[in-house]
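Q: Sharing final.cif (mmCIF, C-alpha atoms) below.
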data_input
loop_
_atom_site.group_PDB
_atom_site.id
_atom_site.type_symbol
_atom_site.label_atom_id
_atom_site.label_comp_id
_atom_site.auth_asym_id
_atom_site.auth_seq_id
_atom_site.Cartn_x
_atom_site.Cartn_y
_atom_site.Cartn_z
ATOM 1 C CA MET A 1434 -13.974 59.883 -18.885
ATOM 2 C CA ILE A 1435 -15.616 62.574 -20.991
ATOM 3 C CA THR A 1436 -14.065 64.618 -23.755
ATOM 4 C CA PRO A 1437 -13.733 68.423 -23.662
ATOM 5 C CA GLU A 1438 -16.565 68.622 -26.204
ATOM 6 C CA GLN A 1439 -18.818 66.480 -24.003
ATOM 7 C CA ALA A 1440 -17.943 68.619 -20.971
ATOM 8 C CA ALA A 1441 -18.876 71.760 -22.889
ATOM 9 C CA ASP A 1442 -22.202 70.214 -23.921
ATOM 10 C CA LEU A 1443 -22.871 69.211 -20.307
ATOM 11 C CA ARG A 1444 -22.123 72.775 -19.188
ATOM 12 C CA ASP A 1445 -24.639 74.121 -21.725
ATOM 13 C CA CYS A 1446 -27.331 71.695 -20.512
ATOM 14 C CA LEU A 1447 -26.746 72.483 -16.840
ATOM 15 C CA ALA A 1448 -26.786 76.208 -17.551
ATOM 16 C CA LEU A 1449 -30.528 75.793 -18.232
ATOM 17 C CA VAL A 1450 -31.192 74.690 -14.640
ATOM 18 C CA PRO A 1451 -32.705 77.661 -12.744
ATOM 19 C CA ASP A 1452 -30.356 79.208 -10.190
ATOM 20 C CA PRO A 1453 -32.176 79.287 -6.794
ATOM 21 C CA ARG A 1454 -29.675 81.700 -5.212
ATOM 22 C CA ASP A 1455 -30.197 85.402 -4.638
ATOM 23 C CA ARG A 1456 -28.613 87.213 -7.592
ATOM 24 C CA ARG A 1457 -26.774 89.627 -5.319
ATOM 25 C CA GLY A 1458 -23.225 88.579 -4.638
ATOM 26 C CA VAL A 1459 -23.180 85.644 -7.075
ATOM 27 C CA ARG A 1460 -19.615 85.187 -8.366
ATOM 28 C CA HIS A 1461 -19.851 81.754 -9.989
ATOM 29 C CA SER A 1462 -22.623 80.774 -12.393
ATOM 30 C CA ALA A 1463 -24.876 77.874 -11.427
ATOM 31 C CA GLY A 1464 -24.081 76.108 -14.679
ATOM 32 C CA SER A 1465 -20.344 76.110 -14.037
ATOM 33 C CA LEU A 1466 -20.736 74.965 -10.418
ATOM 34 C CA LEU A 1467 -23.015 72.079 -11.383
ATOM 35 C CA THR A 1468 -20.702 71.073 -14.234
ATOM 36 C CA LEU A 1469 -17.674 71.042 -11.941
ATOM 37 C CA ALA A 1470 -19.566 69.015 -9.335
ATOM 38 C CA ALA A 1471 -20.806 66.506 -11.928
ATOM 39 C CA ALA A 1472 -17.304 66.076 -13.365
ATOM 40 C CA ALA A 1473 -15.882 65.558 -9.870
ATOM 41 C CA VAL A 1474 -18.433 62.809 -9.158
ATOM 42 C CA LEU A 1475 -17.592 61.164 -12.494
ATOM 43 C CA ALA A 1476 -13.946 61.244 -11.399
ATOM 44 C CA GLY A 1477 -14.799 59.379 -8.191
ATOM 45 C CA ALA A 1478 -15.573 62.099 -5.638
ATOM 46 C CA ARG A 1479 -18.152 60.885 -3.118
ATOM 47 C CA SER A 1480 -18.450 63.834 -0.729
ATOM 48 C CA PHE A 1481 -18.551 67.608 -0.909
ATOM 49 C CA ALA A 1482 -15.067 67.748 0.596
ATOM 50 C CA ALA A 1483 -13.758 65.440 -2.141
ATOM 51 C CA ILE A 1484 -15.548 67.502 -4.793
ATOM 52 C CA GLY A 1485 -13.936 70.688 -3.448
ATOM 53 C CA GLU A 1486 -10.467 69.125 -3.422
ATOM 54 C CA TRP A 1487 -10.886 67.814 -6.969
ATOM 55 C CA ILE A 1488 -11.974 71.233 -8.232
ATOM 56 C CA ALA A 1489 -9.109 72.997 -6.433
ATOM 57 C CA ASP A 1490 -6.568 70.821 -8.276
ATOM 58 C CA LEU A 1491 -7.914 71.538 -11.771
ATOM 59 C CA PRO A 1492 -5.597 73.211 -14.291
ATOM 60 C CA GLN A 1493 -6.609 76.459 -15.980
ATOM 61 C CA ARG A 1494 -7.582 74.878 -19.303
ATOM 62 C CA VAL A 1495 -10.063 72.515 -17.589
ATOM 63 C CA LEU A 1496 -11.555 75.327 -15.514
ATOM 64 C CA ALA A 1497 -12.090 77.238 -18.757
ATOM 65 C CA ILE A 1498 -13.910 74.326 -20.384
ATOM 66 C CA MET A 1499 -16.119 73.925 -17.303
ATOM 67 C CA GLY A 1500 -17.139 77.575 -17.439
ATOM 68 C CA ALA A 1501 -15.341 78.767 -14.303
ATOM 69 C CA ARG A 1502 -15.257 82.501 -13.585
ATOM 70 C CA LEU A 1503 -12.456 84.465 -15.229
ATOM 71 C CA ASP A 1504 -10.705 86.966 -12.954
ATOM 72 C CA ALA A 1505 -9.830 89.729 -15.407
ATOM 73 C CA CYS A 1506 -7.412 91.430 -13.012
ATOM 74 C CA GLN A 1507 -5.289 88.331 -12.547
ATOM 75 C CA ASP A 1508 -6.073 86.908 -15.992
ATOM 76 C CA ARG A 1509 -6.850 83.473 -14.613
ATOM 77 C CA TYR A 1510 -9.842 81.239 -13.986
ATOM 78 C CA VAL A 1511 -10.928 80.944 -10.368
ATOM 79 C CA ALA A 1512 -11.931 77.615 -8.825
ATOM 80 C CA PRO A 1513 -14.978 77.932 -6.523
ATOM 81 C CA GLU A 1514 -14.781 76.971 -2.864
ATOM 82 C CA GLU A 1515 -16.348 73.735 -1.630
ATOM 83 C CA SER A 1516 -18.900 75.694 0.410
ATOM 84 C CA THR A 1517 -20.100 77.491 -2.733
ATOM 85 C CA VAL A 1518 -20.719 74.215 -4.540
ATOM 86 C CA ARG A 1519 -22.368 72.679 -1.469
ATOM 87 C CA ARG A 1520 -24.814 75.550 -0.925
ATOM 88 C CA LEU A 1521 -25.979 75.447 -4.534
ATOM 89 C CA ALA A 1522 -26.317 71.646 -4.540
ATOM 90 C CA GLN A 1523 -28.480 71.827 -1.426
ATOM 91 C CA GLN A 1524 -30.824 74.413 -2.960
ATOM 92 C CA VAL A 1525 -31.155 73.347 -6.595
ATOM 93 C CA ASP A 1526 -34.317 71.556 -7.783
ATOM 94 C CA GLY A 1527 -33.371 67.857 -7.992
ATOM 95 C CA ASP A 1528 -35.950 66.973 -10.650
ATOM 96 C CA LEU A 1529 -34.813 69.803 -12.935
ATOM 97 C CA LEU A 1530 -31.186 68.788 -12.432
ATOM 98 C CA ASP A 1531 -32.034 65.174 -13.270
ATOM 99 C CA ALA A 1532 -33.890 66.309 -16.389
ATOM 100 C CA ALA A 1533 -30.921 68.382 -17.582
ATOM 101 C CA ILE A 1534 -28.407 65.568 -17.081
ATOM 102 C CA SER A 1535 -30.747 63.062 -18.733
ATOM 103 C CA ALA A 1536 -31.154 65.398 -21.713
ATOM 104 C CA TRP A 1537 -27.364 65.582 -22.022
ATOM 105 C CA LEU A 1538 -27.044 61.788 -21.848
ATOM 106 C CA ARG A 1539 -29.703 61.334 -24.530
ATOM 107 C CA ALA A 1540 -28.112 63.930 -26.797
ATOM 108 C CA ASP A 1541 -24.641 62.458 -26.312
ATOM 109 C CA THR A 1542 -25.918 58.944 -27.008
ATOM 110 C CA THR A 1543 -27.708 60.166 -30.129
ATOM 111 C CA SER A 1544 -24.549 61.848 -31.401
ATOM 112 C CA GLN A 1545 -22.313 58.826 -30.846
ATOM 113 C CA THR A 1546 -24.812 56.308 -32.203
ATOM 114 C CA GLY A 1547 -25.410 58.474 -35.243
ATOM 115 C CA ASP A 1548 -21.666 58.529 -35.960
ATOM 116 C CA ASP A 1549 -21.448 54.737 -35.614
ATOM 117 C CA HIS A 1550 -24.341 54.189 -38.041
ATOM 118 C CA ALA A 1551 -23.604 56.950 -40.531
ATOM 119 C CA GLY A 1552 -24.863 55.887 -43.919
ATOM 120 C CA ASP A 1553 -27.056 53.123 -42.519
ATOM 121 C CA SER A 1554 -30.741 53.120 -43.265
ATOM 122 C CA ALA A 1555 -31.567 51.782 -39.786
ATOM 123 C CA ASP A 1556 -33.032 53.958 -37.042
ATOM 124 C CA THR A 1557 -30.309 56.074 -35.411
ATOM 125 C CA ASP A 1558 -32.270 58.054 -32.857
ATOM 126 C CA GLY A 1559 -29.765 56.990 -30.206
ATOM 127 C CA LEU A 1560 -32.211 55.094 -28.032
ATOM 128 C CA PRO A 1561 -32.444 51.323 -27.974
ATOM 129 C CA ALA A 1562 -35.748 49.563 -28.404
ATOM 130 C CA ALA A 1563 -36.189 48.726 -24.712
ATOM 131 C CA VAL A 1564 -36.491 50.935 -21.631
ATOM 132 C CA ALA A 1565 -36.704 49.599 -18.064
ATOM 133 C CA ILE A 1566 -38.381 51.405 -15.195
ATOM 134 C CA ASP A 1567 -37.309 50.530 -11.672
ATOM 135 C CA GLY A 1568 -37.013 52.068 -8.245
ATOM 136 C CA LYS A 1569 -33.871 52.278 -6.159
ATOM 137 C CA SER A 1570 -32.584 53.652 -2.872
ATOM 138 C CA LEU A 1571 -29.683 56.064 -3.160
ATOM 139 C CA ARG A 1572 -26.525 54.905 -1.437
ATOM 140 C CA GLY A 1573 -25.472 56.982 1.530
ATOM 141 C CA THR A 1574 -28.936 58.439 2.195
ATOM 142 C CA TYR A 1575 -30.096 56.155 5.013
ATOM 143 C CA PRO A 1576 -30.312 57.946 8.396
ATOM 144 C CA ARG A 1577 -28.027 56.596 11.113
ATOM 145 C CA ALA A 1578 -30.996 56.375 13.445
ATOM 146 C CA GLY A 1579 -32.831 54.119 10.999
ATOM 147 C CA GLY A 1580 -35.614 54.678 8.519
ATOM 148 C CA THR A 1581 -35.788 54.844 4.752
ATOM 149 C CA GLY A 1582 -33.318 56.576 2.489
ATOM 150 C CA VAL A 1583 -33.970 58.673 -0.590
ATOM 151 C CA GLN A 1584 -36.052 56.681 -3.075
ATOM 152 C CA VAL A 1585 -36.013 57.459 -6.797
ATOM 153 C CA LEU A 1586 -37.744 55.946 -9.798
ATOM 154 C CA ALA A 1587 -35.605 55.757 -12.933
ATOM 155 C CA ALA A 1588 -36.021 54.959 -16.611
ATOM 156 C CA ILE A 1589 -32.899 53.295 -17.987
ATOM 157 C CA THR A 1590 -31.962 51.743 -21.294
ATOM 158 C CA HIS A 1591 -31.554 47.999 -21.584
ATOM 159 C CA THR A 1592 -28.259 46.361 -22.427
ATOM 160 C CA THR A 1593 -28.590 45.638 -26.138
ATOM 161 C CA GLY A 1594 -25.028 44.914 -27.234
ATOM 162 C CA GLN A 1595 -24.998 48.066 -29.345
ATOM 163 C CA PRO A 1596 -22.297 50.649 -28.541
ATOM 164 C CA HIS A 1597 -23.160 53.789 -26.541
ATOM 165 C CA THR A 1598 -26.639 52.533 -25.593
ATOM 166 C CA GLU A 1599 -26.086 50.434 -22.493
ATOM 167 C CA GLY A 1600 -27.324 51.566 -19.109
ATOM 168 C CA ILE A 1601 -28.185 55.168 -20.008
ATOM 169 C CA VAL A 1602 -30.454 56.841 -17.442
ATOM 170 C CA LEU A 1603 -33.156 58.617 -19.419
ATOM 171 C CA GLY A 1604 -34.873 60.228 -16.458
ATOM 172 C CA GLN A 1605 -35.472 60.038 -12.700
ATOM 173 C CA ARG A 1606 -38.168 61.111 -10.274
ATOM 174 C CA LEU A 1607 -37.962 61.465 -6.523
ATOM 175 C CA VAL A 1608 -40.469 59.179 -4.794
ATOM 176 C CA THR A 1609 -41.644 61.402 -1.985
ATOM 177 C CA THR A 1610 -42.388 60.045 1.474
ATOM 178 C CA GLY A 1611 -45.868 58.589 1.753
ATOM 179 C CA THR A 1612 -46.187 57.787 -1.958
ATOM 180 C CA SER A 1613 -45.290 54.750 -4.036
ATOM 181 C CA GLU A 1614 -43.422 54.286 -7.313
ATOM 182 C CA ILE A 1615 -46.726 53.702 -9.106
ATOM 183 C CA ALA A 1616 -47.732 57.349 -8.672
ATOM 184 C CA TRP A 1617 -44.601 58.623 -10.455
ATOM 185 C CA VAL A 1618 -44.390 56.386 -13.511
ATOM 186 C CA GLN A 1619 -46.309 58.584 -15.914
ATOM 187 C CA SER A 1620 -44.563 61.842 -14.945
ATOM 188 C CA LEU A 1621 -41.230 60.034 -15.330
ATOM 189 C CA LEU A 1622 -42.021 58.669 -18.782
ATOM 190 C CA ASP A 1623 -43.587 61.927 -20.005
ATOM 191 C CA GLN A 1624 -40.035 63.202 -20.607
ATOM 192 C CA VAL A 1625 -38.989 60.152 -22.679
ATOM 193 C CA ASP A 1626 -39.843 59.479 -26.336
ATOM 194 C CA LEU A 1627 -41.560 56.091 -26.139
ATOM 195 C CA THR A 1628 -42.757 55.740 -29.709
ATOM 196 C CA GLY A 1629 -41.919 52.259 -30.946
ATOM 197 C CA LYS A 1630 -40.142 51.361 -27.698
ATOM 198 C CA VAL A 1631 -40.697 48.412 -25.358
ATOM 199 C CA VAL A 1632 -41.061 49.299 -21.671
ATOM 200 C CA THR A 1633 -40.298 46.641 -19.072
ATOM 201 C CA ALA A 1634 -41.214 46.731 -15.395
ATOM 202 C CA ASP A 1635 -41.462 44.474 -12.375
ATOM 203 C CA ALA A 1636 -44.678 43.151 -10.895
ATOM 204 C CA LEU A 1637 -45.364 46.305 -8.865
ATOM 205 C CA HIS A 1638 -46.130 48.180 -12.082
ATOM 206 C CA THR A 1639 -48.376 45.560 -13.655
ATOM 207 C CA VAL A 1640 -51.455 47.758 -13.426
ATOM 208 C CA ALA A 1641 -54.084 48.559 -16.036
ATOM 209 C CA ASP A 1642 -53.488 52.333 -15.928
ATOM 210 C CA HIS A 1643 -49.833 51.904 -16.887
ATOM 211 C CA ALA A 1644 -50.779 49.592 -19.753
ATOM 212 C CA ARG A 1645 -53.274 52.113 -21.154
ATOM 213 C CA TYR A 1646 -50.803 54.987 -20.753
ATOM 214 C CA LEU A 1647 -48.035 53.154 -22.643
ATOM 215 C CA HIS A 1648 -50.453 52.212 -25.422
ATOM 216 C CA ARG A 1649 -51.460 55.885 -25.800
ATOM 217 C CA ARG A 1650 -47.771 56.819 -26.034
ATOM 218 C CA GLY A 1651 -47.208 54.320 -28.861
ATOM 219 C CA ALA A 1652 -45.129 51.942 -26.745
ATOM 220 C CA CYS A 1653 -45.308 48.224 -26.036
ATOM 221 C CA TYR A 1654 -44.796 46.696 -22.614
ATOM 222 C CA VAL A 1655 -43.523 43.511 -20.976
ATOM 223 C CA PHE A 1656 -44.906 43.236 -17.446
ATOM 224 C CA ILE A 1657 -44.159 40.581 -14.847
ATOM 225 C CA VAL A 1658 -47.160 38.974 -13.142
ATOM 226 C CA LYS A 1659 -46.846 37.608 -9.614
ATOM 227 C CA GLU A 1660 -49.285 36.386 -7.015
ATOM 228 C CA ASN A 1661 -49.943 39.877 -5.719
ATOM 229 C CA GLN A 1662 -52.203 40.114 -8.804
ATOM 230 C CA HIS A 1663 -54.251 37.115 -7.717
ATOM 231 C CA GLN A 1664 -56.875 36.974 -10.452
ATOM 232 C CA LEU A 1665 -54.477 37.802 -13.282
ATOM 233 C CA PHE A 1666 -51.897 35.318 -12.011
ATOM 234 C CA GLU A 1667 -54.480 32.542 -11.826
ATOM 235 C CA GLN A 1668 -55.674 33.293 -15.370
ATOM 236 C CA LEU A 1669 -52.142 33.014 -16.741
ATOM 237 C CA ASP A 1670 -51.293 29.977 -14.651
ATOM 238 C CA ALA A 1671 -54.379 28.213 -16.037
ATOM 239 C CA LEU A 1672 -53.142 28.413 -19.628
ATOM 240 C CA PRO A 1673 -52.254 25.001 -21.128
ATOM 241 C CA TRP A 1674 -48.487 25.499 -20.887
ATOM 242 C CA HIS A 1675 -47.850 21.762 -21.314
ATOM 243 C CA ASP A 1676 -49.231 22.032 -24.876
ATOM 244 C CA ILE A 1677 -47.246 25.143 -25.876
ATOM 245 C CA PRO A 1678 -43.891 24.799 -27.710
ATOM 246 C CA ILE A 1679 -40.748 25.502 -25.665
ATOM 247 C CA CYS A 1680 -37.632 27.408 -26.702
ATOM 248 C CA THR A 1681 -34.568 26.293 -24.699
ATOM 249 C CA ARG A 1682 -31.127 27.855 -24.265
ATOM 250 C CA ASP A 1683 -28.210 26.399 -22.276
ATOM 251 C CA GLU A 1684 -25.329 28.483 -20.963
ATOM 252 C CA THR A 1685 -22.235 27.551 -18.963
ATOM 253 C CA GLY A 1686 -20.044 30.076 -17.163
ATOM 254 C CA HIS A 1687 -19.190 31.688 -13.826
ATOM 255 C CA GLY A 1688 -19.102 28.276 -12.177
ATOM 256 C CA ARG A 1689 -22.617 27.247 -13.097
ATOM 257 C CA THR A 1690 -24.763 25.819 -15.857
ATOM 258 C CA GLU A 1691 -28.092 27.454 -16.662
ATOM 259 C CA ARG A 1692 -30.951 26.217 -18.762
ATOM 260 C CA ARG A 1693 -33.551 28.820 -19.694
ATOM 261 C CA THR A 1694 -36.865 28.001 -21.304
ATOM 262 C CA ILE A 1695 -39.479 30.376 -22.652
ATOM 263 C CA GLN A 1696 -43.010 29.739 -23.835
ATOM 264 C CA LEU A 1697 -45.263 32.245 -25.557
ATOM 265 C CA ALA A 1698 -49.028 31.844 -25.740
ATOM 266 C CA PRO A 1699 -51.349 34.068 -27.799
ATOM 267 C CA LEU A 1700 -54.325 35.526 -25.965
ATOM 268 C CA GLY A 1701 -57.894 36.027 -27.100
ATOM 269 C CA ASP A 1702 -60.139 33.547 -28.854
ATOM 270 C CA TYR A 1703 -57.411 31.075 -29.708
ATOM 271 C CA LEU A 1704 -57.888 27.302 -29.431
ATOM 272 C CA GLY A 1705 -60.224 27.740 -26.504
ATOM 273 C CA TYR A 1706 -57.550 29.260 -24.222
ATOM 274 C CA PRO A 1707 -58.887 30.869 -21.012
ATOM 275 C CA ARG A 1708 -59.622 34.560 -21.406
ATOM 276 C CA VAL A 1709 -57.154 36.985 -19.795
ATOM 277 C CA GLU A 1710 -58.423 40.447 -18.884
ATOM 278 C CA PHE A 1711 -55.648 43.036 -19.144
ATOM 279 C CA PRO A 1712 -55.519 46.140 -21.397
ATOM 280 C CA HIS A 1713 -53.760 45.622 -24.756
ATOM 281 C CA ALA A 1714 -52.054 42.340 -23.729
ATOM 282 C CA THR A 1715 -51.578 40.155 -26.810
ATOM 283 C CA HIS A 1716 -49.604 37.219 -25.378
ATOM 284 C CA ALA A 1717 -48.656 35.530 -22.153
ATOM 285 C CA LEU A 1718 -45.152 34.252 -21.469
ATOM 286 C CA LEU A 1719 -43.614 31.763 -19.089
ATOM 287 C CA ILE A 1720 -39.871 31.872 -18.400
ATOM 288 C CA GLU A 1721 -38.168 29.149 -16.374
ATOM 289 C CA ARG A 1722 -34.539 28.998 -15.275
ATOM 290 C CA TYR A 1723 -32.754 25.929 -13.934
ATOM 291 C CA THR A 1724 -29.306 26.470 -12.400
ATOM 292 C CA THR A 1725 -26.680 23.931 -11.336
ATOM 293 C CA GLN A 1726 -23.642 25.099 -9.336
ATOM 294 C CA HIS A 1727 -20.539 23.185 -10.467
ATOM 295 C CA SER A 1728 -18.700 23.329 -7.133
ATOM 296 C CA THR A 1729 -21.518 22.115 -4.904
ATOM 297 C CA GLY A 1730 -23.917 20.438 -7.298
ATOM 298 C CA LYS A 1731 -26.699 22.552 -5.813
ATOM 299 C CA ARG A 1732 -29.674 23.024 -8.106
ATOM 300 C CA SER A 1733 -32.293 25.748 -8.145
ATOM 301 C CA ALA A 1734 -35.320 26.554 -10.263
ATOM 302 C CA TYR A 1735 -37.118 29.817 -10.944
ATOM 303 C CA ALA A 1736 -40.253 30.562 -12.956
ATOM 304 C CA GLU A 1737 -41.926 33.819 -13.945
ATOM 305 C CA LEU A 1738 -45.119 34.704 -15.793
ATOM 306 C CA GLY A 1739 -45.455 37.850 -17.875
ATOM 307 C CA LEU A 1740 -47.574 39.832 -20.290
ATOM 308 C CA PRO A 1741 -46.227 41.458 -23.465
ATOM 309 C CA SER A 1742 -48.271 43.807 -25.640
ATOM 310 C CA SER A 1743 -48.161 45.358 -29.080
ATOM 311 C CA ALA A 1744 -48.462 49.092 -29.753
#
Mind converting the file's structure to structure tokens?
A:
Amino acid sequence: MITPEQAADLRDCLALVPDPRDRRGVRHSAGSLLTLAAAAVLAGARSFAAIGEWIADLPQRVLAIMGARLDACQDRYVAPEESTVRRLAQQVDGDLLDAAISAWLRADTTSQTGDDHAGDSADTDGLPAAVAIDGKSLRGTYPRAGGTGVQVLAAITHTTGQPHTEGIVLGQRLVTTGTSEIAWVQSLLDQVDLTGKVVTADALHTVADHARYLHRRGACYVFIVKENQHQLFEQLDALPWHDIPICTRDETGHGRTERRTIQLAPLGDYLGYPRVEFPHATHALLIERYTTQHSTGKRSAYAELGLPSSA
């Protein structure tokens, strides 16, 4: 649920998205149509037909907040037809729409976090310290005849336990056919303030160019290293992990017991450790997880190597 004030702010952000329609014959503004569609999706609509039905049932006061057209002759706000919303949604620039919604989410998070921390001396810029980048396939976009669906690359806030900062999408980029996520990372993060933040990514993005880019932006990184990076993986695996102190945490819940261990090794000329060649990496880490299922007694183990940096 969003408040009337939040809906009005969303309308103002979406009004900045360029209207691709011919100006002749336009009866409903693009900003109001996009706001109504976004609110319908937030309310659970999953098709254009459902969006149209949700809009048609709105009372006058909600149509006014959403910026619907006022019919001066009848002195009432007019709900747009489903076809009007659908035509605009099919023509609008997806990246610009994503940017507008992300800007609204960031501004709303900043406002709420600032209220929660009023009077505190701590940083209240509304963004948590960690940002994850990851690709995903949009549900409902896979062709019936087979093939890939719509792929997007997103930057999303980590779950930190702080209010109003969990799972906020800061930006998205469409991964066009024939390209990979790697090509879109920098254009995605160009729209996000990374100063003092930690950026996490899976092994696909453990590349030197990304490390240098994040360092230039004043950010730190935590990258996962897998065997697809053969040389780097072997360098990390060769570190004397058996001599490095271990931090252990045990948790029980959801029908299982988990033991997690983490080890952190400094890199560089330190106690004769093997040299690791990766831009701005300051440490190597090894995380291991041991899980026991209570019902079956089945046990599993998982280990992962990684590289954190400092800004």
Q: Would you kindly return, as a list in words, each protein, DNA or RNA residue with an atom no farther than 8 Å from any atom of region 1440-1448 of chain A, considering only C-alpha atoms and excluding same-chain residues fewer than 6 positions away?
A: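 Skipping anything fewer than 6 positions along the chain leaves Ala1463, Gly1464, Ser1465, Leu1467, Thr1468, Ile1498, Met1499, Gly1500, Leu1530, Ala1533, Ile1534, Ala1536 and Trp1537 of chain A.
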Q: Applied to the shown file, which residues does the PyMOL selection byres ((chain A and resi 1602) around 7) return, written as a PyMOL selection string?
A: chain A and resi 1535+1587-1590+1600-1601+1603-1604
Q: So which residues get picked by the PyMOL selection byres ((chain A and resi 1515-1524) around 7) here, written as a ChimeraX atom specification?
A: /A:1453,1466,1481-1482,1485,1513-1514,1525-1526
Q: Hey, what's within 7 Å of Leu1571 (chain A) if we count all atoms listed in the file and toss same-chain stuff fewer than 5 positions away? As a PyMOL selection string, please?
A: chain A and resi 1582-1584
Q: Produce a file of the selected residues containing C-alpha atoms, as a short mmCIF file (atom, residue, chain, number, x, y, z; two decimals), in the coordinates of the input.
A:
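Everything below was put into out_11.cif:
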data_model
loop_
_atom_site.label_atom_id
_atom_site.label_comp_id
_atom_site.auth_asym_id
_atom_site.auth_seq_id
_atom_site.Cartn_x
_atom_site.Cartn_y
_atom_site.Cartn_z
CA GLY A 1582 -33.32 56.58 2.49
CA VAL A 1583 -33.97 58.67 -0.59
CA GLN A 1584 -36.05 56.68 -3.08
#
Q: Written as a ChimeraX atom specification, what is the full residue list that the PyMOL selection byres ((chain A and resi 1637) around 12) yields on the file shown?
A: /A:1566-1568,1613-1616,1618,1633-1636,1638-1641,1643,1656-1662
Q: Considering only C-alpha atoms, state which residue in the set A:Cys1506, A:Ile1677, A:Ile1720, A:Val1459 is at the smallest distance from Leu1738 (chain A).
A: A:Ile1720
Q: Nearest to Leu1627 (chain A): which of A:Arg1645, A:Arg1606, A:Arg1650, A:Arg1457 is it, counting only C-alpha atoms?
A: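 Selected residue with least distance to Leu1627 (chain A): A:Arg1650.
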Q: Considering all atoms listed in the file, return as a list in words whatever protein or nucleic-acid residues lie within 9 Å of region 1710-1714 of chain A, sequence-local ones (same chain, fewer than 6 positions apart) excluded.
A: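 The residues satisfying every condition are Val1640, Ala1641, Asp1642, Ala1644, Arg1645, His1648, Cys1653, Tyr1654, Leu1665, Gln1668, Leu1700, Leu1740, Pro1741, Ser1742, Ser1743 and Ala1744 of chain A.
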Q: Pull C-alpha atoms from the residues just selected and write them as a PDB file, in the frame of the given file.
A:
ATOM      1  CA  VAL A1640     -51.455  47.758 -13.426  1.00  0.00           C
ATOM      2  CA  ALA A1641     -54.084  48.559 -16.036  1.00  0.00           C
ATOM      3  CA  ASP A1642     -53.488  52.333 -15.928  1.00  0.00           C
ATOM      4  CA  ALA A1644     -50.779  49.592 -19.753  1.00  0.00           C
ATOM      5  CA  ARG A1645     -53.274  52.113 -21.154  1.00  0.00           C
ATOM      6  CA  HIS A1648     -50.453  52.212 -25.422  1.00  0.00           C
ATOM      7  CA  CYS A1653     -45.308  48.224 -26.036  1.00  0.00           C
ATOM      8  CA  TYR A1654     -44.796  46.696 -22.614  1.00  0.00           C
ATOM      9  CA  LEU A1665     -54.477  37.802 -13.282  1.00  0.00           C
ATOM     10  CA  GLN A1668     -55.674  33.293 -15.370  1.00  0.00           C
ATOM     11  CA  LEU A1700     -54.325  35.526 -25.965  1.00  0.00           C
ATOM     12  CA  LEU A1740     -47.574  39.832 -20.290  1.00  0.00           C
ATOM     13  CA  PRO A1741     -46.227  41.458 -23.465  1.00  0.00           C
ATOM     14  CA  SER A1742     -48.271  43.807 -25.640  1.00  0.00           C
ATOM     15  CA  SER A1743     -48.161  45.358 -29.080  1.00  0.00           C
ATOM     16  CA  ALA A1744     -48.462  49.092 -29.753  1.00  0.00           C
TER      17      ALA A1744
END
Q: Have a look at CA of Leu1529 (chain A) and CA of Lys1569 (chain A) and let me know their distance in Å, one decimal.
A: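 These atoms are spaced 18.8 Å apart.
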Q: For a cutoff of 6 Å around the file-coordinate point (-40.1, 25.7, -12.3), which residues qualify once you count only C-alpha atoms? I'd like the result as a list in words.
A: Glu1721, Ala1734, Tyr1735 and Ala1736 of chain A
Q: Expressed in Å to a single decimal, how great is the separation between CA of Pro1707 (chain A) and CA of Leu1669 (chain A)?
A: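 Separation between CA of Pro1707 (chain A) and CA of Leu1669 (chain A): 8.3 Å.
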Q: Some atoms are missing, so please complete region 1534-1540 of chain A with N, CA, C and O atoms and return it as a PDB file, keeping the file's coordinate frame.
A:
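The result, written out as result-v3.pdb:
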ATOM      1  N   ILE A1534     -29.445  66.579 -16.873  1.00  0.00           N
ATOM      2  CA  ILE A1534     -28.407  65.568 -17.081  1.00  0.00           C
ATOM      3  C   ILE A1534     -28.912  64.471 -18.012  1.00  0.00           C
ATOM      4  O   ILE A1534     -28.180  63.991 -18.888  1.00  0.00           O
ATOM      5  N   SER A1535     -30.179  64.074 -17.849  1.00  0.00           N
ATOM      6  CA  SER A1535     -30.747  63.062 -18.733  1.00  0.00           C
ATOM      7  C   SER A1535     -30.802  63.552 -20.171  1.00  0.00           C
ATOM      8  O   SER A1535     -30.549  62.795 -21.111  1.00  0.00           O
ATOM      9  N   ALA A1536     -31.130  64.833 -20.357  1.00  0.00           N
ATOM     10  CA  ALA A1536     -31.154  65.398 -21.713  1.00  0.00           C
ATOM     11  C   ALA A1536     -29.759  65.365 -22.331  1.00  0.00           C
ATOM     12  O   ALA A1536     -29.600  65.072 -23.524  1.00  0.00           O
ATOM     13  N   TRP A1537     -28.738  65.652 -21.520  1.00  0.00           N
ATOM     14  CA  TRP A1537     -27.364  65.582 -22.022  1.00  0.00           C
ATOM     15  C   TRP A1537     -26.986  64.158 -22.397  1.00  0.00           C
ATOM     16  O   TRP A1537     -26.375  63.926 -23.446  1.00  0.00           O
ATOM     17  N   LEU A1538     -27.353  63.184 -21.556  1.00  0.00           N
ATOM     18  CA  LEU A1538     -27.044  61.788 -21.848  1.00  0.00           C
ATOM     19  C   LEU A1538     -27.723  61.336 -23.133  1.00  0.00           C
ATOM     20  O   LEU A1538     -27.115  60.647 -23.966  1.00  0.00           O
ATOM     21  N   ARG A1539     -28.996  61.730 -23.307  1.00  0.00           N
ATOM     22  CA  ARG A1539     -29.703  61.334 -24.530  1.00  0.00           C
ATOM     23  C   ARG A1539     -29.065  61.964 -25.755  1.00  0.00           C
ATOM     24  O   ARG A1539     -28.882  61.307 -26.787  1.00  0.00           O
ATOM     25  N   ALA A1540     -28.716  63.247 -25.653  1.00  0.00           N
ATOM     26  CA  ALA A1540     -28.112  63.930 -26.797  1.00  0.00           C
ATOM     27  C   ALA A1540     -26.750  63.348 -27.127  1.00  0.00           C
ATOM     28  O   ALA A1540     -26.395  63.162 -28.301  1.00  0.00           O
TER      29      ALA A1540
END
